[in-house]
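Input: a single structure, listed below in structure tokens.
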Amino acid sequence: MSSHSSKRRKLSPSPENTQGPTTQNPKPSHNPIALNAKTGNTRRSAELALASGFCKSSFFKLQLDELLSSSRPNYDKQTSKLQDTLHKLKDVIERLPERPPKPALEADKELRSTNGVVIPYPDPRPGKDAKYSVSYAPPTNVNVVGSFALRTGTKTVDPYTVDLAVTMPSSIFQEKDFVNYRYFHKRAYYIACLAAGIRESKSLNVDVKFELQDGDSLRPVIILGLHDQKKSDGRLAKSQIRIITAVEDKLFPLTRTLPMKNNIRQGLDKTGNDEPTPFYNAALRSEATVALYHKFAHSAIKNCDAFRDACILGRTWLRQRGFESSFASGGFGGFEWTVLMSLLFEGGGPNGKPVLLKSYSSYQLFKATMQFISGRNLRDPLLFFANDISFPDDMPALYDGKRGLNILYKMSPWSYDFLRHEASITLKMLNESRDDNFAKVFIFKVNEPFLRFDRVIGLPGLDSGDTLLAFRNQCSVYQVLRKALGDRVELIHISSHCPSPWQVDTKFSRNKAKTVLSIGLLLNSENSMRVVDHGPAAEEKDEATSFRDFWGEKAELRRFKDGSIRESLVWSDLPSSPSIVYQILVYILNRHFNHVEDDIRYIGDEYDEKLRACGDGVLSYSCPAFQRITDAFNSLEKSIQVMDEVPLTVRHLAPASPSLRYSALRVQNGLAALRTPVDVVLQFESSARWPDDLTAIQMTKVAFLVKIGDSFVSQGVAASCKVGLENESSKILNQTFLDIDHKSGIVFRLRIHHDREETLLERQLKEKGASHQAKQEVAHALSAYKRLFIQSTRLTQAIRTLCTRFPLLSPTIRLVKYWFRCHLFTGHISEELIELIATHSFTQPFPWESPSSVMAGFLRTLHLLSHWDWQQEPLTVDLAGGLDQNAIEVIRTRFSAWRNIDPAMNTVALFAASDIDLDGITWTQYEMPPKVVAARMSTLAKAAMKLLREKGQTLDISELFQTSLAPYNFVITLRQKVLDNRSASSTKFKNLNIDVERGAAPTIVKSFVHDLQACFYPNILFFHGDETCNVVAGLWNPQTMKTKSWSLKTAYSTFPAVLEDPEADDKVSANRDAIMNEISRLGADLIETIQVM
Amino acid sequence: MPEIAGYTILPLQLPESPTYAKPAKHYLYLRPHEPRIPDADTPRSLFLVNIPIDATELHLRHLFGSQLSGGRVERVDFEAIPTKAKGSLVATTAQGNVTKSKKRKRVTADDLQNQLDDISLPSSWDRELQKSGARAIVVFVDKPSMDASLKAAKKAGGRKSSQSIVWGEGIEDRRPPLGLQRYLNHDKARYPARAELLRTVNDYMTVFTQVSEARKREEARRAQEPDEDGFITVTSGPKLTSAAFEDEARALVKKQKEKSQGLEDFYRFQSREKRKARQNELLRRFDEDKKKLEDLKRRKGKFRVSFCPL
């Protein structure tokens, strides 16, 4: 029977046969419910297939659909709103009277006096000797074009722009008008006539302004702001109409506007007569292609269903990265994206095969276009429908031969580099299997200069009123910087602002157009700190001369160790001198552009300075201070291996301290004042001689520690060794450690790791019949055990490796720690958690690359904190490269389990897991931090981001580190003198009491706050900084502040209401004054004042 | 004479503090001790609620003995209010009455076990603190002392504030000081002398060995004793605890799994079932994704591209 049925199945793979139960059951199923369930299942399957077929993952697809539907403007509504206006407008334009030809300047005067419109002639304005005249004749065609007509636009916060193309009649132009701005002057007159006509028409209630099309000063256009009819308060509606001009395709021959042709022949430089004017040519040509591209895109939409959606995705993607059509913001916007995609249907792939196919989904179109942008270097020009056309060097080119336009003509070398850079990052995000990265591709705003770049520079006073000139200026700045910085930078990005629209009755103000040029640098973290630059060898005369020309007196001839004599540059690396990149910039900008130092706004070094100031002058992980600790550890490890007084063999000594993973903010620098002990963990080979009881194990540890200490002292490894106690109240937690005052001057704190403890604790946890409280204590001990002996050594190992891989990780972590410390989070948020958060911005840097500066690292970490929705999302950090989809799955499961167990987040608020710690609660369990503090952390990070965006370049970074004490209920100020004395006494009388002060520094503030917290938990939360910070802030638990009935369970000092109001029965309220008094009694001479806010 | 829920209210004037100038009063609530299971000391004990955080035995002796002129105090038992423990935080002040998991309770080994529990490493604090609002039981030398004290307290509660009792007045120098010195002392006491440490460890280990030997002996003896029905349980080898047994069972299951590895695709029905499971899994995920999206939408209000960053 079975063989028979299997054969049948093979022959006819009908759906019901593949379903197990139906073949088992010979009776045809008439059960409607079963049938229903089955069809429901198949429908869902179909839906699933649809969702996952052409997309990264089904969730990605769902989000994509949601994004598309929410960013698609409601065209029907818009059309019905605008139709009337557009018709009227067309009517007005078509009825405007002809104006006879007259000389350009005369026309200007006339229009100004009769219509009050200043003709927006582009520079250079027509001279007195201009032999041509300007005129107006009704347009041959008025049409709506562009994204509104094609329905490829997206919703934006800015008003939606509807393009209205007015085709100027060929009759007003002459054959030679393509040279010397003549076309553009005539066009400007035409535009001005239109503006005058529209302004004076009675039927239209619009606000007429001039604007530059795509920021191109050659092509002013009209912007019509529409008044909302419904709202009479004069506010402008959500859309505006832009009138652009067009000409007939055949007006000027295609060959005149090829990129290498020269069309600006006036001026003095008669020698450089044939220098190509690609930008001018293309601007001219693009006037003739308006209708052509509209048709072209229209046919692409007809051809491919998903084209419109892909346009929306492209526009969204570009906008988030700051790319727009105008030259000032990259020269690659929605229009260019649409044309590029349309072209890619016809070619662009290997052997001229199309890159896109019409069967592609919108996501596939998007991704393939990304692939094309990042994969194909268009500096090597790509020609469609044409060959043998040459282009200027170093400029990207994608030439459309049919329409005769290089669609990338507005792109500069740097914006092209950045476009490819962004595209390749996006591809990496899309190809990552671990995470769908949807938000990072489309939702995040990537274009935030301080997060995006490592250094930001502002240069003043560059004129952007004349695009050709601005383009040339920016190119020369770019070239000088590129050459000067060389391999210190990965990419240089230059951007400026487009001039804003101006009233038609005023002249285009050049002063307003003067904008700050902002330059962003992506540094190369390996090279950016190099002190000596090697130039060409002395024998290579030509190179040496050009090197000298470029660098001026900074270039010097030097002989190097390998015997070569080279031109070279030596920069100062003294701690007092500014960063080398800054030195280079100031020098070279002054030499080539006469910028004085005060002109240059340079942002990025302050963060390094801040870290230097707060972190013992240490910046890099490879500095001697960290090296000393590592060396001392290695030496200690050796001594412990050869130690033979202890009856067990040593398995290993593992580092478990921030100082040994380059992440300690304060680094010991020999002063006894900063002798924070360096934690290390010792593990012996397993042995049966250990007692099988938790308390007895602790006692055995004491004996071992005493022995190890004796051995070290007698061998001279350590000056002294002391066994110290911790966790006194518990008999199952680790109770002892050994403070080793190592001969190198570093204090190590050694704890013994015995893996039997874990088994014993786990057994006790499983044992039946134990009380709830006892079990909680065991659970706490187990988590402490894991944290202390397993996770902290693992984390140390992982962070150590990462710090050497990312040189900026160590300084970033340290600055972030300083930030947390400044905001009094010390007792609530563990250092390890901070390290995890900071590492996240390095190992999962999307949508950027890993930061190469303290600024980018620090700010991106704050950015992460500001948008981490910790109530709903776990933080998953890749520490050792092992974070794959399975790991994420496990982490997510545990996270939701925790949220189920503890929905109020009473013990676990933040959840931070990594590939080496899937539990995710190691550093955050037991209210590290409590929910309130976690919320405050988010609030502060959000505030910091807001400040950054508001103030931009003018931000004083110390504002980020100033905490407000206003949200707290009271503030305890400690006596600075007491704290200072404690830390400074030993340095003052070094020779006197060095022996007394040896050993770990006392932790007074920490112990004090610990006492406070122990006495007043959970009624007051205390916030404090490190040992040098003299502020302890307190926050009342709102529950405690309520008046309640007297009860034995009331766990705080109370005040009986009956004393004041005999009717109050047994109501009590918190006796705040008594508690304050208690605090002051406890602190006694430590406290300067207590201030109740 | 104010009272609250049957407790006498005893106001205490708190000493003036230079750092917190506002004068404050503390309110102690007391009444005769009435535990659920009374013992011999109960009749001469007072139950105190809401003692100040710096209260010590001396403070209370002084309060009842001298300040109230009541009776002599024999001893004071502090007890913390069990709150949801915040792990490490309560650790320093816990009173050592943490419930210990006495795994094996044997009559004869009990004394030794108690002796063992008493041996602990030296404390690094010179003075304990109480949790805010904590309770204490004051045991007086006899019942009249207790009665007198209660009466005095009642009287003091009704007195005018000018005659009020100042907390800890007159014994300032007789207790280790708080403040900086407390922490400096702690820092020193954290590192006990080598000899003291070794002595504690030796004592502990000696008793520990005795306990385990006593246990072993008892067990051996019990193994020989017949139970009620006259049977002797025969055991061989070390007895596994339930937890250890679980471990073993788990290992066994794992082994079995390993054995069956590589045989999953042996029969057609197996691969068919696998395929089906995969399909269902995909569907389940899809549904989950949909739910996730709904969730996302609900949380963020509307799903839209924010041109200002999230």
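In the structure tokens, the first chain shown is A, the next is B, and so on; residue numbers restart at 1 for each chain, and ligands run from 1 in the order shown.
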
Interface residues on chain A facing chain B, 6 Å, only C-alpha atoms, written as a compact mmCIF listing (two decimals) with N, CA and C atoms, in the first residue's frame:
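The result, stored in iface.txt:
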```
# COMPACT_ATOMS: atom_id res chain seq x y z
N PHE A 59 9.74 40.62 6.93
CA PHE A 59 9.53 41.78 7.80
C PHE A 59 10.00 43.05 7.09
N LEU A 67 6.22 51.92 4.54
CA LEU A 67 6.94 53.16 4.23
C LEU A 67 6.41 53.76 2.94
N SER A 70 3.00 55.26 3.26
CA SER A 70 2.90 56.48 4.07
C SER A 70 3.67 57.65 3.47
N ILE A 443 15.05 55.14 7.40
CA ILE A 443 14.41 56.00 8.40
C ILE A 443 15.40 56.96 9.07
N PHE A 444 16.62 56.49 9.27
CA PHE A 444 17.59 57.33 9.98
C PHE A 444 18.02 58.50 9.13
N LYS A 445 18.21 59.61 9.78
CA LYS A 445 18.82 60.72 9.08
C LYS A 445 20.33 60.55 9.19
N MET A 699 36.62 30.04 52.99
CA MET A 699 37.68 29.98 54.01
C MET A 699 38.97 29.46 53.39
N VAL A 723 45.34 40.73 52.56
CA VAL A 723 44.09 40.06 52.25
C VAL A 723 42.95 40.96 52.70
N GLY A 724 42.04 41.25 51.81
CA GLY A 724 40.93 42.13 52.15
C GLY A 724 39.61 41.38 52.10
N LEU A 725 38.60 41.98 52.75
CA LEU A 725 37.29 41.32 52.82
C LEU A 725 36.26 42.11 52.02
N SER A 729 28.27 40.35 54.59
CA SER A 729 27.03 39.85 55.15
C SER A 729 26.63 38.50 54.56
N ARG A 763 22.94 23.90 42.23
CA ARG A 763 22.23 22.83 42.94
C ARG A 763 21.33 23.39 44.02
N ILE A 1004 35.90 56.69 49.74
CA ILE A 1004 35.04 57.27 50.76
C ILE A 1004 33.66 57.61 50.23
N ALA A 1014 21.87 51.86 51.39
CA ALA A 1014 21.47 50.71 52.19
C ALA A 1014 20.42 51.12 53.22
N CYS A 1015 20.55 52.30 53.78
CA CYS A 1015 19.61 52.73 54.81
C CYS A 1015 18.28 53.16 54.22
N PHE A 1016 18.32 53.80 53.04
CA PHE A 1016 17.10 54.45 52.57
C PHE A 1016 16.49 53.82 51.33
N ALA A 1051 8.65 51.13 55.58
CA ALA A 1051 10.10 51.02 55.74
C ALA A 1051 10.80 52.36 55.62
N TYR A 1052 10.28 53.35 56.31
CA TYR A 1052 11.00 54.61 56.38
C TYR A 1052 10.53 55.39 57.59
N SER A 1053 11.31 56.35 57.95
CA SER A 1053 11.00 57.16 59.11
C SER A 1053 9.72 57.95 58.85
N ASP A 1066 -4.81 57.00 61.98
CA ASP A 1066 -3.45 56.46 62.04
C ASP A 1066 -2.68 56.76 60.76
N ASP A 1073 12.28 65.80 57.31
CA ASP A 1073 13.31 66.54 58.04
C ASP A 1073 14.15 65.61 58.89
N ALA A 1074 13.47 64.64 59.51
CA ALA A 1074 14.23 63.70 60.33
C ALA A 1074 15.21 62.90 59.46
N LEU A 1082 24.87 60.96 59.57
CA LEU A 1082 25.69 59.90 59.01
C LEU A 1082 26.92 60.46 58.32
N GLY A 1083 26.71 61.55 57.58
CA GLY A 1083 27.84 62.12 56.85
C GLY A 1083 28.76 62.90 57.77
N ALA A 1084 28.19 63.48 58.83
CA ALA A 1084 28.95 64.28 59.81
C ALA A 1084 29.94 65.22 59.12
N ASP A 1085 31.20 65.02 59.37
CA ASP A 1085 32.20 65.98 58.89
C ASP A 1085 32.48 65.85 57.39
N LEU A 1086 31.85 64.88 56.73
CA LEU A 1086 32.05 64.78 55.28
C LEU A 1086 31.27 65.83 54.53
N THR A 1089 27.18 71.03 52.93
CA THR A 1089 25.79 71.48 53.10
C THR A 1089 24.84 70.44 52.52
N ILE A 1090 23.60 70.53 52.98
CA ILE A 1090 22.54 69.78 52.33
C ILE A 1090 21.52 70.79 51.86
```

Using only C-alpha atoms, which residues sit within 10 Å of Asp305 of chain A once same-chain residues fewer than 4 positions away are excluded, as a PyMOL selection string? chain A and resi 300-301+309-310+358-362

If you run DSSP over the backbone, which residues in segment 429-652 of chain A end up strand (DSSP E or B)? Put them as a ChimeraX atom specification. /A:455-463,489-495,502-503,514-523,532-537,556-559,565-570,601-603,650-652

With N, CA and C atoms kept, could you save the residues just selected as a CSV table (one decimal), in the first residue's frame?
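Listed below is the output, out_11.csv:
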```
chain,number,residue,atom,x,y,z
A,455,ARG,N,35.9,65.2,11.5
A,455,ARG,CA,36.2,66.6,11.8
A,455,ARG,C,35.3,67.5,10.9
A,456,VAL,N,34.9,68.6,11.4
A,456,VAL,CA,34.1,69.5,10.6
A,456,VAL,C,34.8,70.8,10.6
A,457,ILE,N,34.9,71.4,9.4
A,457,ILE,CA,35.6,72.7,9.2
A,457,ILE,C,34.6,73.7,8.6
A,458,GLY,N,34.6,74.9,9.1
A,458,GLY,CA,33.8,75.9,8.4
A,458,GLY,C,34.7,77.0,7.9
A,459,LEU,N,34.6,77.3,6.6
A,459,LEU,CA,35.4,78.3,5.9
A,459,LEU,C,34.4,79.4,5.5
A,460,PRO,N,34.8,80.7,5.8
A,460,PRO,CA,33.8,81.7,5.6
A,460,PRO,C,33.8,82.3,4.2
A,461,GLY,N,32.8,83.1,4.0
A,461,GLY,CA,32.9,84.1,2.9
A,461,GLY,C,33.0,83.6,1.5
A,462,LEU,N,32.6,82.4,1.2
A,462,LEU,CA,32.7,82.0,-0.2
A,462,LEU,C,31.4,82.4,-0.9
A,463,ASP,N,31.6,82.9,-2.1
A,463,ASP,CA,30.5,83.4,-2.8
A,463,ASP,C,29.8,82.3,-3.6
A,489,VAL,N,43.3,61.4,5.4
A,489,VAL,CA,41.9,61.3,5.3
A,489,VAL,C,41.4,60.3,4.4
A,490,GLU,N,40.3,59.7,4.6
A,490,GLU,CA,39.7,58.8,3.7
A,490,GLU,C,38.9,59.6,2.6
A,491,LEU,N,38.0,60.5,3.1
A,491,LEU,CA,37.2,61.2,2.2
A,491,LEU,C,37.1,62.7,2.7
A,492,ILE,N,36.9,63.6,1.8
A,492,ILE,CA,36.7,65.0,2.1
A,492,ILE,C,35.3,65.3,1.5
A,493,HIS,N,34.5,65.9,2.3
A,493,HIS,CA,33.2,66.3,1.8
A,493,HIS,C,33.0,67.8,2.0
A,494,ILE,N,32.5,68.5,0.9
A,494,ILE,CA,32.4,69.9,1.0
A,494,ILE,C,30.9,70.2,0.6
A,495,SER,N,30.3,71.0,1.4
A,495,SER,CA,28.9,71.4,1.1
A,495,SER,C,28.7,72.9,1.5
A,502,TRP,N,14.2,84.9,-3.5
A,502,TRP,CA,14.1,86.3,-3.2
A,502,TRP,C,13.0,86.9,-3.9
A,503,GLN,N,12.5,88.1,-3.5
A,503,GLN,CA,11.4,88.8,-4.0
A,503,GLN,C,11.7,89.3,-5.4
A,514,LYS,N,26.5,84.7,0.3
A,514,LYS,CA,27.8,84.4,0.9
A,514,LYS,C,27.6,83.4,2.0
A,515,THR,N,28.1,82.2,1.9
A,515,THR,CA,27.8,81.2,2.9
A,515,THR,C,29.0,80.6,3.4
A,516,VAL,N,28.9,80.0,4.5
A,516,VAL,CA,30.0,79.2,5.1
A,516,VAL,C,30.1,77.9,4.3
A,517,LEU,N,31.3,77.7,4.0
A,517,LEU,CA,31.6,76.4,3.3
A,517,LEU,C,31.9,75.4,4.4
A,518,SER,N,31.1,74.3,4.5
A,518,SER,CA,31.4,73.4,5.5
A,518,SER,C,32.1,72.1,4.9
A,519,ILE,N,33.2,71.8,5.5
A,519,ILE,CA,34.0,70.7,5.0
A,519,ILE,C,34.0,69.6,6.1
A,520,GLY,N,33.7,68.4,5.7
A,520,GLY,CA,33.7,67.3,6.6
A,520,GLY,C,34.8,66.4,6.2
A,521,LEU,N,35.5,65.9,7.2
A,521,LEU,CA,36.6,64.9,6.9
A,521,LEU,C,36.3,63.6,7.5
A,522,LEU,N,36.6,62.5,6.8
A,522,LEU,CA,36.6,61.2,7.4
A,522,LEU,C,38.0,60.8,7.5
A,523,LEU,N,38.5,60.7,8.7
A,523,LEU,CA,39.9,60.5,8.9
A,523,LEU,C,40.3,59.0,8.8
A,532,VAL,N,55.7,62.8,10.8
A,532,VAL,CA,56.6,63.2,9.7
A,532,VAL,C,56.0,62.7,8.3
A,533,ASP,N,55.9,63.6,7.4
A,533,ASP,CA,55.5,63.3,6.0
A,533,ASP,C,56.7,63.2,5.1
A,534,HIS,N,56.8,62.1,4.4
A,534,HIS,CA,57.9,61.9,3.5
A,534,HIS,C,57.5,62.4,2.1
A,535,GLY,N,58.4,63.3,1.6
A,535,GLY,CA,58.1,63.8,0.2
A,535,GLY,C,59.0,63.1,-0.7
A,536,PRO,N,59.1,63.6,-1.9
A,536,PRO,CA,60.0,63.0,-2.9
A,536,PRO,C,61.5,63.1,-2.5
A,537,ALA,N,62.3,62.2,-3.1
A,537,ALA,CA,63.7,62.2,-2.8
A,537,ALA,C,64.3,63.4,-3.5
A,556,GLU,N,61.1,70.7,4.3
A,556,GLU,CA,62.6,70.7,4.6
A,556,GLU,C,63.2,69.4,4.1
A,557,LEU,N,64.5,69.6,3.8
A,557,LEU,CA,65.2,68.4,3.3
A,557,LEU,C,65.8,67.7,4.5
A,558,ARG,N,65.6,66.4,4.6
A,558,ARG,CA,66.1,65.7,5.7
A,558,ARG,C,66.7,64.4,5.3
A,559,ARG,N,67.6,63.9,6.1
A,559,ARG,CA,68.1,62.6,5.9
A,559,ARG,C,67.5,61.6,6.9
A,565,ILE,N,67.7,60.8,1.3
A,565,ILE,CA,67.5,62.2,1.6
A,565,ILE,C,66.3,62.7,0.9
A,566,ARG,N,65.3,63.1,1.7
A,566,ARG,CA,64.0,63.4,1.1
A,566,ARG,C,63.5,64.8,1.5
A,567,GLU,N,62.7,65.3,0.7
A,567,GLU,CA,61.9,66.4,1.2
A,567,GLU,C,60.9,65.9,2.2
A,568,SER,N,60.7,66.7,3.3
A,568,SER,CA,59.8,66.1,4.3
A,568,SER,C,59.1,67.3,5.0
A,569,LEU,N,58.1,66.9,5.8
A,569,LEU,CA,57.4,67.8,6.6
A,569,LEU,C,57.3,67.3,8.0
A,570,VAL,N,57.6,68.1,9.0
A,570,VAL,CA,57.6,67.6,10.4
A,570,VAL,C,56.6,68.5,11.1
A,601,ARG,N,36.8,77.7,11.3
A,601,ARG,CA,36.1,77.0,12.4
A,601,ARG,C,36.4,75.6,12.3
A,602,TYR,N,37.0,75.0,13.3
A,602,TYR,CA,37.5,73.7,13.3
A,602,TYR,C,36.9,72.9,14.4
A,603,ILE,N,36.1,71.9,14.1
A,603,ILE,CA,35.4,71.2,15.2
A,603,ILE,C,35.8,69.7,15.2
A,650,VAL,N,48.7,26.4,38.9
A,650,VAL,CA,47.9,27.5,38.4
A,650,VAL,C,47.4,27.2,36.9
A,651,ARG,N,46.1,27.4,36.7
A,651,ARG,CA,45.7,27.2,35.3
A,651,ARG,C,45.9,28.5,34.5
A,652,HIS,N,45.3,29.6,35.0
A,652,HIS,CA,45.7,30.9,34.4
A,652,HIS,C,45.3,32.0,35.3
```

Grab the atom CA of Val253 of chain B to atom CA of Arg275 of chain B distance for me, in Å with one decimal place.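 That distance, rounded to one decimal, is 25.2 Å.
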
What's the 7 Å shell around Phe858 of chain A, counting only C-alpha atoms, without same-chain residues fewer than 2 positions away, as an NGL selection string? :A and (812 or 815-816 or 854-856 or 860-862)

Show which residues sit within 6 Å of segment 765-782 of chain A, as a tab-separated table (two decimals) with N, CA and C atoms, in the first residue's frame. Count only C-alpha atoms, and ignore same-chain residues fewer than 3 positions away.
```tsv
chain	number	residue	atom	x	y	z
A	733	LEU	N	28.80	34.52	48.89
A	733	LEU	CA	29.44	35.35	47.88
A	733	LEU	C	30.95	35.29	48.08
A	762	GLU	N	24.15	26.32	41.71
A	762	GLU	CA	23.06	25.87	40.85
A	762	GLU	C	22.24	24.78	41.52
A	785	TYR	N	28.61	35.59	40.88
A	785	TYR	CA	29.70	34.70	40.52
A	785	TYR	C	30.00	34.78	39.02
```

Could you pull the residues within 8 Å of Pro122 of chain A, counting only C-alpha atoms, minus those fewer than 3 positions along the same chain, as a list of chain:residue names?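 Once the nearby chain positions are removed, what remains is A:Arg125, A:Phe184, A:His185, A:Ala188, A:Ser217, A:Leu218, A:Arg219, A:Pro220, A:Asp466.
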
What's around Glu757 of chain A at 9 Å? Count only C-alpha atoms, leave out sequence neighbours fewer than 6 positions away in its own chain, and write the answer as a PyMOL selection string. chain A and resi 692-694+697+732+782+785

For Ile172 of chain A, please output as an mmCIF file with C-alpha atoms, in the first residue's frame all residues within 9 Å (counting only C-alpha atoms; exclusion window: fewer than 3 positions along the same chain).
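Now in selection_35.cif:
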```cif
data_model
loop_
_atom_site.group_PDB
_atom_site.id
_atom_site.type_symbol
_atom_site.label_atom_id
_atom_site.label_comp_id
_atom_site.auth_asym_id
_atom_site.auth_seq_id
_atom_site.Cartn_x
_atom_site.Cartn_y
_atom_site.Cartn_z
ATOM 1 C CA PRO A 101 13.083 93.016 -28.766
ATOM 2 C CA VAL A 134 15.904 90.335 -25.387
ATOM 3 C CA SER A 135 12.232 89.771 -26.120
ATOM 4 C CA TYR A 136 9.120 87.941 -25.019
ATOM 5 C CA ALA A 137 6.751 85.840 -27.098
ATOM 6 C CA MET A 168 10.042 79.233 -24.873
ATOM 7 C CA PRO A 169 9.491 79.764 -28.582
ATOM 8 C CA LYS A 186 17.393 86.103 -22.792
#
```
